[in-house]
Amino acid sequence: MPTIRLDSLVKRYGDVEVLHGIDLEMADNEFTVLVGPSGCGKSTTLRMIAGLEDVSDGEIFVNDNPVSHLEPKERDLAMVFQDYALYPHMNVAQNISFALRLARRPKAEIDAKVKEVADMVGLTEFLARKPGALSGGQRQRVAMARALAKDSGIFLFDEPLSNLDAKLRGQMRAELAMMSQRVEKNMIYVTHDQIEAMTLADRIVVMHGGYIQQQGTPEELFKRPVNKFVAGFMGMPPMNFLDGEFVERDGEIFVSGQGFDVRLEGEVARKASSHGNKAVTLGVRPSDLSFDGAAEPARSLTLDVLVSEYVGAQSVLLCKCGAAQVMVEINSETPVALGQTLIFAVNSGGIHLFDRASEVAL
Amino acid sequence: MAAPTAKQNSAFFAVIAVLVFMSVGPVLLMFVNSFKLDVDIISGSTGLIFLPTIQNYETALCDVLWYEPEHLDFCALKFGGAFINSLIIALISTVLTLIIGCMAAYALVRFRFMGRDTVSLSTLMVRMVPPAVLLVPVFGLWNNEFCLDRDGLVGGAIREAFGGRGDVCLAGTHSGIILIYVAMNLPFVIWILQSFIVQVPRSLEEAARVDGAGPFQVFFKVVLPLIKPGLAAAAIFTFRIAWNEYLLASALSDRDTKTVPILIVNNMSEFNVEWGVIMATGMLLAIPPIIFTLLASRQIITGMTAGAVKG
């Protein structure tokens, strides 16, 4: 399967530059997810790889051959669109075989291929139907089957699940994950949903404002975000941020701010002491806080519980710490009453520090 | 909503009845009169009691009938020829208008080029000019300017093949009339089709491009089937306008290329109006557009039931 390399890819619309030099390499047979908020340039990047948008500057290499001057059909790729883009005047079989028919493959081969991919996505009974007579999930499958039938090495997904309802989305996500293991292709998947990114990706590329913020495995991004944006974007509920300052007391370093005073230990303390700037942001994930009345004050946060959101086994508490709001994820069995002031221990390794001015992780 | 009362219903039906009478009445009158002799029509003893005769139809169709009608000693009316002229002109101009129109509309909607908005607007401007204003310059151009020299290569060949005298000009030919009809209908067709093409989602075209379609394949295999209802609607309009058009055809046609509307009017003279024959030719004239509209409107309906563009 081909490798893809983006070399300082730039996209301009008139005078407005929306992508500022994207460098990215996608290894063989890898599931790469581009994730980011709306307008971060992830879809534009994908469409440039597909050849649907012109490249303003930089180059796209597939197997080390520059392709940015090629038409989409010359690039050996298949794409699944957000709105499925099924041809309404063709039935399912015709939709799936469209690319093969354009390529003038022999009829027997086309029929065999249609049957094969229809089996794979479970559409065999619906081959004679028009897309208009299918449900959202089935249309999604047709779109997938159409891309699979093409047998190309690169598979592009442009927010394929965002038009489905929550339950179906979860189901299709799982099917997609299974498919990606079965099919040996280089897949690039664009989404704004970080859960999709975390569950599907071999590698996540977080984009924001036309720049790549960080790339790595889901675990790397979750545990070691390089800046405040990535830290806040990955993970649900999002990471809590508390503005504070480094204070040195009795040879130990504390992060101190409105309503909290947390002692730093080990690696984090070493990084903090070597950091010049005192103004920092403390980041703690809701799941790294645990209810513990007997916790040591220097390793805990004292929070006023405002709201409790019951979501099943887990509850999310919305609390106040000074002027800032802090979310805590706890077991629903924990007895918590609204209006209480409680102590939550910070798990070791749960402390993230960011420079307040540059927002870069220490 | 509350169920409509009986009173509302009867008022409603009264309105409908009036509308139906207004639209069907004239056609019915024409139909009935086409089977009457002129004496019966003029006598004014209206009513439905008369001896029906197909004499009027025989007179109208005398040049295509396989037998010679008894009441005629000379076939003056060349309805068959005019009918074929009308068919040729209306069909060819419709087909040409649609082909050029859909491509122009697609380009205007999808491509960005200099002067696009101006072109889009000016297509409508042409439509704002009444045909009568066009007539004078077109008549002059067709007769005097757009001519091939009879001694020239092409002009000579045409004169050789078809006979005739003088230079080969557009006036009096099918092509001359077709050309002006295409020019006249094109703006409207472009305008109608633009609104249909805008509704075709761009992602469909992009999907087709990724699937390996070139620009023409995208247009013919994806866009065109989806705007079929629009094409059908445009075809109905252009065909009917071309079929019914009188003013330009009367000036630009000659004895051999005149269309049915011209022929009908020629039946009226200062001394004698042959009402029966006019009614009969009127009935015959109405048939092709009805058939055409029925065929074309079926396309509109299948287009709608196919769920149209929304996938």
# chains A, B, ... in the order shown; residues from 1 in each chain; ligands from 1
>>> select_by_dssp(residues="range 78-281 of chain B", states="strand (DSSP E)", output="ChimeraX atom specification")
/B:147-148,168-169
>>> write_last_selection(atoms="N, CA and C atoms", output="JSON list (two decimals), in the first residue's frame")
[["chain", "number", "residue", "atom", "x", "y", "z"],
["B", 147, "CYS", "N", -25.27, 35.12, -46.11],
["B", 147, "CYS", "CA", -25.51, 34.39, -47.35],
["B", 147, "CYS", "C", -24.21, 33.79, -47.87],
["B", 148, "LEU", "N", -24.36, 32.68, -48.59],
["B", 148, "LEU", "CA", -23.21, 32.10, -49.27],
["B", 148, "LEU", "C", -23.33, 32.45, -50.75],
["B", 168, "VAL", "N", -27.28, 31.73, -51.59],
["B", 168, "VAL", "CA", -27.87, 30.86, -50.58],
["B", 168, "VAL", "C", -27.95, 31.63, -49.27],
["B", 169, "CYS", "N", -29.16, 31.96, -48.86],
["B", 169, "CYS", "CA", -29.33, 32.74, -47.62],
["B", 169, "CYS", "C", -30.10, 31.92, -46.59]]
>>> residues_around(residues="Val114 in chain A", least_positions_apart="6", cutoff="12 Å", atoms="only C-alpha atoms", output="JSON, numbers by chain")
{"A": [92, 93, 94, 95, 96, 97, 98, 99, 100, 101, 107, 108, 120, 121, 122, 123, 124, 126, 127, 128, 142, 145, 146, 147, 148, 149, 150, 151]}
>>> select_by_dssp(residues="range 125-209 of chain B", states="helix (DSSP H, G or I)", output="MDAnalysis selection string")
chainID B and resid 125:128 131:145 153:162 174:198 202:209
>>> interface_residues(of="chain A", to="chain B", cutoff="8 Å", atoms="only C-alpha atoms", output="PyMOL selection string")
chain A and resi 50+52+72-74+77-79+81+83+85-89+98-99+102-103+130-132+150
>>> write_last_selection(atoms="N, CA and C atoms", output="PDB file, in the first residue's frame")
ATOM      1  N   ALA A  50      -7.045  14.338  -1.800  1.00  0.00           N
ATOM      2  CA  ALA A  50      -7.925  13.708  -2.782  1.00  0.00           C
ATOM      3  C   ALA A  50      -7.803  14.356  -4.150  1.00  0.00           C
ATOM      4  N   LEU A  52      -9.318  17.326  -4.762  1.00  0.00           N
ATOM      5  CA  LEU A  52     -10.521  18.133  -4.972  1.00  0.00           C
ATOM      6  C   LEU A  52     -10.258  19.606  -4.713  1.00  0.00           C
ATOM      7  N   PRO A  72      -8.074  13.800  -9.452  1.00  0.00           N
ATOM      8  CA  PRO A  72      -8.404  12.806  -8.426  1.00  0.00           C
ATOM      9  C   PRO A  72      -8.358  11.380  -8.947  1.00  0.00           C
ATOM     10  N   LYS A  73      -8.837  11.187 -10.187  1.00  0.00           N
ATOM     11  CA  LYS A  73      -8.933   9.807 -10.675  1.00  0.00           C
ATOM     12  C   LYS A  73      -7.569   9.185 -10.935  1.00  0.00           C
ATOM     13  N   GLU A  74      -6.536  10.022 -11.024  1.00  0.00           N
ATOM     14  CA  GLU A  74      -5.204   9.479 -11.298  1.00  0.00           C
ATOM     15  C   GLU A  74      -4.427   9.194 -10.023  1.00  0.00           C
ATOM     16  N   LEU A  77      -7.107   6.549  -5.216  1.00  0.00           N
ATOM     17  CA  LEU A  77      -7.718   6.667  -3.902  1.00  0.00           C
ATOM     18  C   LEU A  77      -9.224   6.542  -3.984  1.00  0.00           C
ATOM     19  N   ALA A  78      -9.814   6.207  -2.844  1.00  0.00           N
ATOM     20  CA  ALA A  78     -11.267   6.135  -2.727  1.00  0.00           C
ATOM     21  C   ALA A  78     -11.669   7.023  -1.564  1.00  0.00           C
ATOM     22  N   MET A  79     -12.873   7.550  -1.636  1.00  0.00           N
ATOM     23  CA  MET A  79     -13.257   8.517  -0.609  1.00  0.00           C
ATOM     24  C   MET A  79     -14.695   8.283  -0.171  1.00  0.00           C
ATOM     25  N   PHE A  81     -17.753  10.320   1.632  1.00  0.00           N
ATOM     26  CA  PHE A  81     -18.094  11.708   1.911  1.00  0.00           C
ATOM     27  C   PHE A  81     -19.025  11.811   3.113  1.00  0.00           C
ATOM     28  N   ASP A  83     -21.827  13.537   3.393  1.00  0.00           N
ATOM     29  CA  ASP A  83     -23.234  13.329   3.046  1.00  0.00           C
ATOM     30  C   ASP A  83     -23.412  12.106   2.151  1.00  0.00           C
ATOM     31  N   ALA A  85     -22.860  11.185  -0.623  1.00  0.00           N
ATOM     32  CA  ALA A  85     -22.704  11.453  -2.057  1.00  0.00           C
ATOM     33  C   ALA A  85     -23.013  10.228  -2.895  1.00  0.00           C
ATOM     34  N   LEU A  86     -24.116   9.551  -2.578  1.00  0.00           N
ATOM     35  CA  LEU A  86     -24.549   8.430  -3.423  1.00  0.00           C
ATOM     36  C   LEU A  86     -25.278   9.001  -4.623  1.00  0.00           C
ATOM     37  N   TYR A  87     -25.115   8.332  -5.769  1.00  0.00           N
ATOM     38  CA  TYR A  87     -25.804   8.810  -6.968  1.00  0.00           C
ATOM     39  C   TYR A  87     -27.266   8.410  -6.870  1.00  0.00           C
ATOM     40  N   PRO A  88     -28.174   9.386  -6.744  1.00  0.00           N
ATOM     41  CA  PRO A  88     -29.568   9.045  -6.448  1.00  0.00           C
ATOM     42  C   PRO A  88     -30.255   8.313  -7.592  1.00  0.00           C
ATOM     43  N   HIS A  89     -29.740   8.470  -8.818  1.00  0.00           N
ATOM     44  CA  HIS A  89     -30.424   7.858  -9.951  1.00  0.00           C
ATOM     45  C   HIS A  89     -29.934   6.448 -10.234  1.00  0.00           C
ATOM     46  N   PHE A  98     -19.883   1.885  -9.982  1.00  0.00           N
ATOM     47  CA  PHE A  98     -19.684   3.050 -10.863  1.00  0.00           C
ATOM     48  C   PHE A  98     -18.223   3.208 -11.292  1.00  0.00           C
ATOM     49  N   ALA A  99     -17.334   3.164 -10.319  1.00  0.00           N
ATOM     50  CA  ALA A  99     -15.913   3.355 -10.639  1.00  0.00           C
ATOM     51  C   ALA A  99     -15.408   2.244 -11.551  1.00  0.00           C
ATOM     52  N   LEU A 102     -16.672   2.778 -15.023  1.00  0.00           N
ATOM     53  CA  LEU A 102     -15.923   3.846 -15.689  1.00  0.00           C
ATOM     54  C   LEU A 102     -14.575   3.330 -16.181  1.00  0.00           C
ATOM     55  N   ALA A 103     -14.001   2.402 -15.396  1.00  0.00           N
ATOM     56  CA  ALA A 103     -12.696   1.858 -15.777  1.00  0.00           C
ATOM     57  C   ALA A 103     -12.826   0.769 -16.839  1.00  0.00           C
ATOM     58  N   LYS A 130     -32.793   1.912  -4.733  1.00  0.00           N
ATOM     59  CA  LYS A 130     -32.188   3.228  -4.931  1.00  0.00           C
ATOM     60  C   LYS A 130     -31.800   3.790  -3.560  1.00  0.00           C
ATOM     61  N   PRO A 131     -30.806   4.653  -3.519  1.00  0.00           N
ATOM     62  CA  PRO A 131     -30.386   5.221  -2.219  1.00  0.00           C
ATOM     63  C   PRO A 131     -31.535   5.885  -1.461  1.00  0.00           C
ATOM     64  N   GLY A 132     -32.491   6.459  -2.206  1.00  0.00           N
ATOM     65  CA  GLY A 132     -33.607   7.130  -1.555  1.00  0.00           C
ATOM     66  C   GLY A 132     -34.420   6.201  -0.675  1.00  0.00           C
ATOM     67  N   LYS A 150     -13.408  -0.025  -5.147  1.00  0.00           N
ATOM     68  CA  LYS A 150     -12.413   0.582  -6.037  1.00  0.00           C
ATOM     69  C   LYS A 150     -11.038  -0.052  -5.937  1.00  0.00           C
TER      70      LYS A 150
END
>>> atom_distance(atom1="CA of Thr59 in chain B", atom2="CA of Asn244 in chain B")
21.6 Å
>>> residues_around(residues="range 164-175 of chain A", least_positions_apart="2", cutoff="8 Å", atoms="only C-alpha atoms", output="list in words")
Gly136, Gly137, Leu161, Ser162, Ala177, Met178, Met179, Glu196 and Leu200 of chain A
>>> write_last_selection(atoms="C-alpha atoms", output="CSV table (one decimal), in the first residue's frame")
chain,number,residue,atom,x,y,z
A,136,GLY,CA,-29.0,6.5,7.0
A,137,GLY,CA,-26.9,3.6,8.2
A,161,LEU,CA,-20.4,9.3,10.7
A,162,SER,CA,-21.4,12.8,11.5
A,177,ALA,CA,-12.7,-0.4,13.4
A,178,MET,CA,-13.2,-4.0,12.4
A,179,MET,CA,-13.1,-3.2,8.7
A,196,GLU,CA,-14.0,8.7,17.0
A,200,LEU,CA,-10.3,4.3,15.5
>>> residues_around(residues="Leu108 in chain B", least_positions_apart="4", cutoff="7 Å", atoms="only C-alpha atoms", output="JSON, numbers by chain")
{"B": [104, 116, 120]}
>>> write_last_selection(atoms="N, CA and C atoms", output="short mmCIF file (atom, residue, chain, number, x, y, z; two decimals), in the first residue's frame")
data_model
loop_
_atom_site.label_atom_id
_atom_site.label_comp_id
_atom_site.auth_asym_id
_atom_site.auth_seq_id
_atom_site.Cartn_x
_atom_site.Cartn_y
_atom_site.Cartn_z
N ALA B 104 -24.41 25.26 -21.14
CA ALA B 104 -24.17 26.66 -20.76
C ALA B 104 -24.56 26.87 -19.30
N ARG B 116 -18.73 36.06 -15.58
CA ARG B 116 -19.76 35.04 -15.40
C ARG B 116 -21.11 35.64 -15.05
N SER B 120 -24.56 35.62 -17.15
CA SER B 120 -25.76 35.07 -16.55
C SER B 120 -26.93 36.05 -16.65
#
>>> atom_distance(atom1="CA of Glu58 in chain B", atom2="CA of Met22 in chain B")
29.3 Å
>>> residues_around(residues="Phe260 in chain A", least_positions_apart="4", cutoff="10 Å", atoms="only C-alpha atoms", output="list of chain:residue names")
A:Leu242, A:Asp243, A:Gly244, A:Phe254, A:Val255, A:Ser256, A:Pro297, A:Ala298, A:Arg299, A:Ser300, A:Leu301, A:Thr302, A:Leu303, A:Cys321, A:Gly322
>>> residues_around(residues="Thr257 in chain B", least_positions_apart="4", cutoff="8 Å", atoms="only C-alpha atoms", output="number ranges by chain")
B: 82, 85, 172-174, 253
>>> atom_distance(atom1="CA of Ile42 in chain B", atom2="CA of Ala60 in chain B")
19.1 Å
>>> residues_around(residues="Gln314 in chain A", least_positions_apart="4", cutoff="6 Å", atoms="only C-alpha atoms", output="number ranges by chain")
A: 330-332
>>> closest_residue(among="B:Leu96, B:Val273, B:Ala161, B:Ala280", to="Lys36 in chain B", atoms="only C-alpha atoms")
B:Ala280
